[in-house]
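Everything on this sheet refers to the single structure shown next.
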Amino acid sequence: MKKAIKILFVAAAMLLGTQAFGQTTITAGYQQTAYQGDGYSWNYNGFYAGVLKAFSITDVLYFEPGILFDMSFKDGDNISYLRLPLHIGAGMALGNGFDLFANAGPGISVGLFGTDNPFDVYNRFDVNLGLEAGLRINSKYEFRFGYDWGLLKAIDDSSAHKNIIHVGLAYCF
């Protein structure tokens, strides 16, 4: 586990250190994480924060990998994940400094820590499919709204999946 986390942090450092054309985005916001299926229905409120890096593919399309830290709380307990989205997106200029954008793609979540070892109940790893849309203002500020659907079982011997809905703000440079 420690080796996997070290590899992820090295990958993030390499991502941020690249000199290729691209826009770096710092983002943070609110999220609700839900574990649902087979009678399970647990909701955690929390936050996320991290860095995204957009690389232009064409004038309209871009590739946006990132590294996000998620922490969710419920009844005094907490659970934390490292989320790595790998999205392809498209943008459209609206004029007067406003742009709409949307992206989608796979991602990976790795459980880090939590109260009373939550990974005795929940699986530590997940692969998800994410969708996100937003509004960019003056190429600097963004409002982002998204949903990540967990593809793997969140709890062994169950059909429960981990799903995340999130809304946040971002600064681009």
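Letters A, B, ... go to the chains of the structure tokens in the order shown; residues in each chain start at 1; ligands are counted from 1 in the same order.
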
Output as JSON lines one row per residue of segment 87-130 of chain A within 10 Å of segment 65-74 of chain A: the closest atom pair and its distance in Å to one decimal place, counting only C-alpha atoms, sorted by chain and residue number ascending.
```
{"residue": "A:His87", "atom": "CA", "partner": "A:Pro65", "partner_atom": "CA", "distance": 6.1}
{"residue": "A:Ile88", "atom": "CA", "partner": "A:Pro65", "partner_atom": "CA", "distance": 8.5}
{"residue": "A:Gly105", "atom": "CA", "partner": "A:Pro65", "partner_atom": "CA", "distance": 9.7}
{"residue": "A:Pro106", "atom": "CA", "partner": "A:Pro65", "partner_atom": "CA", "distance": 9.9}
{"residue": "A:Gly107", "atom": "CA", "partner": "A:Pro65", "partner_atom": "CA", "distance": 8.9}
{"residue": "A:Ile108", "atom": "CA", "partner": "A:Ile67", "partner_atom": "CA", "distance": 9.8}
{"residue": "A:Ser109", "atom": "CA", "partner": "A:Leu68", "partner_atom": "CA", "distance": 9.3}
{"residue": "A:Val110", "atom": "CA", "partner": "A:Phe69", "partner_atom": "CA", "distance": 9.9}
{"residue": "A:Gly111", "atom": "CA", "partner": "A:Asp70", "partner_atom": "CA", "distance": 9.3}
{"residue": "A:Leu112", "atom": "CA", "partner": "A:Phe69", "partner_atom": "CA", "distance": 9.4}
{"residue": "A:Phe113", "atom": "CA", "partner": "A:Met71", "partner_atom": "CA", "distance": 9.4}
{"residue": "A:Gly114", "atom": "CA", "partner": "A:Met71", "partner_atom": "CA", "distance": 8.8}
{"residue": "A:Thr115", "atom": "CA", "partner": "A:Phe73", "partner_atom": "CA", "distance": 9.5}
```

Residues of segment 45-163 of chain A in strand (DSSP E or B), written as a ChimeraX atom specification = /A:45-56,61-74,77-95,98-114,125-137,141-150,161-163

At what distance in Å, to one decimal, does atom CA of Gly130 of chain A lie from atom CA of Phe63 of chain A?
->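 Taking atom CA of Phe63 of chain A as the start and atom CA of Gly130 of chain A as the end point, the length is 13.6 Å.
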
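Distance annotation: of A:Asn43, A:Ala133, A:Asp38, A:Val60, the residue with the minimal separation from Asp77 of chain A is A:Asn43; atom set is only C-alpha atoms.
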
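A straight line drawn from atom CA of Leu169 of chain A to atom CA of Phe125 of chain A is 26.4 Å long.
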
Could you check which of A:Gly46, A:Gly37, A:Gly89, A:Gly95 is closest to Ser158 of chain A, using only C-alpha atoms?
-> A:Gly37

Hey, what's within 12 Å of Gly39 of chain A if we count only C-alpha atoms and toss same-chain stuff fewer than 2 positions away? As a PyMOL selection string, please?
-> chain A and resi 35-37+41-42+155+158-161

Just-selected residues, N, CA and C atoms written as a short mmCIF file (atom, residue, chain, number, x, y, z; two decimals), in the first residue's frame:
```
data_model
loop_
_atom_site.label_atom_id
_atom_site.label_comp_id
_atom_site.auth_asym_id
_atom_site.auth_seq_id
_atom_site.Cartn_x
_atom_site.Cartn_y
_atom_site.Cartn_z
N TYR A 35 -22.51 5.17 -0.59
CA TYR A 35 -22.32 3.74 -0.77
C TYR A 35 -23.73 3.15 -0.83
N GLN A 36 -24.12 2.64 -2.01
CA GLN A 36 -25.50 2.20 -2.19
C GLN A 36 -25.57 0.88 -2.93
N GLY A 37 -26.53 0.04 -2.51
CA GLY A 37 -26.80 -1.24 -3.15
C GLY A 37 -27.01 -2.33 -2.13
N SER A 41 -27.11 1.97 2.25
CA SER A 41 -27.34 3.34 1.82
C SER A 41 -26.69 4.27 2.83
N TRP A 42 -25.38 4.46 2.69
CA TRP A 42 -24.63 5.31 3.59
C TRP A 42 -24.14 6.51 2.82
N ILE A 155 -18.16 -2.89 -1.31
CA ILE A 155 -18.19 -3.80 -0.16
C ILE A 155 -18.23 -5.22 -0.71
N SER A 158 -21.42 -7.90 -1.88
CA SER A 158 -22.52 -6.94 -1.98
C SER A 158 -22.49 -6.34 -3.38
N SER A 159 -23.61 -5.77 -3.76
CA SER A 159 -23.63 -5.04 -5.04
C SER A 159 -23.44 -3.54 -4.82
N ALA A 160 -23.11 -3.14 -3.60
CA ALA A 160 -22.95 -1.71 -3.28
C ALA A 160 -21.77 -1.11 -4.03
N HIS A 161 -21.98 0.10 -4.55
CA HIS A 161 -20.95 0.86 -5.25
C HIS A 161 -20.75 2.21 -4.57
#
```

Interface rows for segment 20-89 of chain A against segment 117-120 of chain A: nearest pair, Å to one decimal, 10 Å, only C-alpha atoms, as a Markdown table:
```
| residue | atom | partner | partner_atom | distance |
| --- | --- | --- | --- | --- |
| A:Asp77 | CA | A:Pro118 | CA | 8.9 |
| A:Asn78 | CA | A:Pro118 | CA | 8.3 |
| A:Ile79 | CA | A:Pro118 | CA | 6.7 |
| A:Ser80 | CA | A:Pro118 | CA | 9.3 |
```

Suppose we keep N, CA and C atoms; can you now write the selection as an mmCIF file, in the first residue's frame?
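out.cif, freshly written:
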```cif
data_model
loop_
_atom_site.group_PDB
_atom_site.id
_atom_site.type_symbol
_atom_site.label_atom_id
_atom_site.label_comp_id
_atom_site.auth_asym_id
_atom_site.auth_seq_id
_atom_site.Cartn_x
_atom_site.Cartn_y
_atom_site.Cartn_z
ATOM 1 N N ASP A 77 -17.043 9.875 12.203
ATOM 2 C CA ASP A 77 -16.072 9.049 11.476
ATOM 3 C C ASP A 77 -15.636 9.771 10.207
ATOM 4 N N ASN A 78 -14.467 9.413 9.698
ATOM 5 C CA ASN A 78 -14.006 9.979 8.434
ATOM 6 C C ASN A 78 -13.366 8.891 7.593
ATOM 7 N N ILE A 79 -13.291 9.170 6.295
ATOM 8 C CA ILE A 79 -12.658 8.263 5.344
ATOM 9 C C ILE A 79 -12.019 9.122 4.248
ATOM 10 N N SER A 80 -10.791 8.772 3.851
ATOM 11 C CA SER A 80 -10.053 9.576 2.875
ATOM 12 C C SER A 80 -9.567 8.719 1.714
#
```

Ile164 of chain A: which residues within 7 Å, counting only C-alpha atoms, same-chain residues fewer than 2 positions away excluded, as a PyMOL selection string?
-> chain A and resi 31-34+147-149+162+166

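Coordinates place atom CA of Gln23 of chain A at a distance of 12.4 Å from atom CA of Ile57 of chain A.
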
For Ser139 of chain A, which residue out of A:Gly97, A:Pro85, A:Gly76, A:Gly22 is the nearest one, using only C-alpha atoms?
-> A:Gly97

Pick from A:Ala90, A:Leu61, A:Leu129, A:Leu52 nearest to Phe173 of chain A, counting only C-alpha atoms | A:Leu52
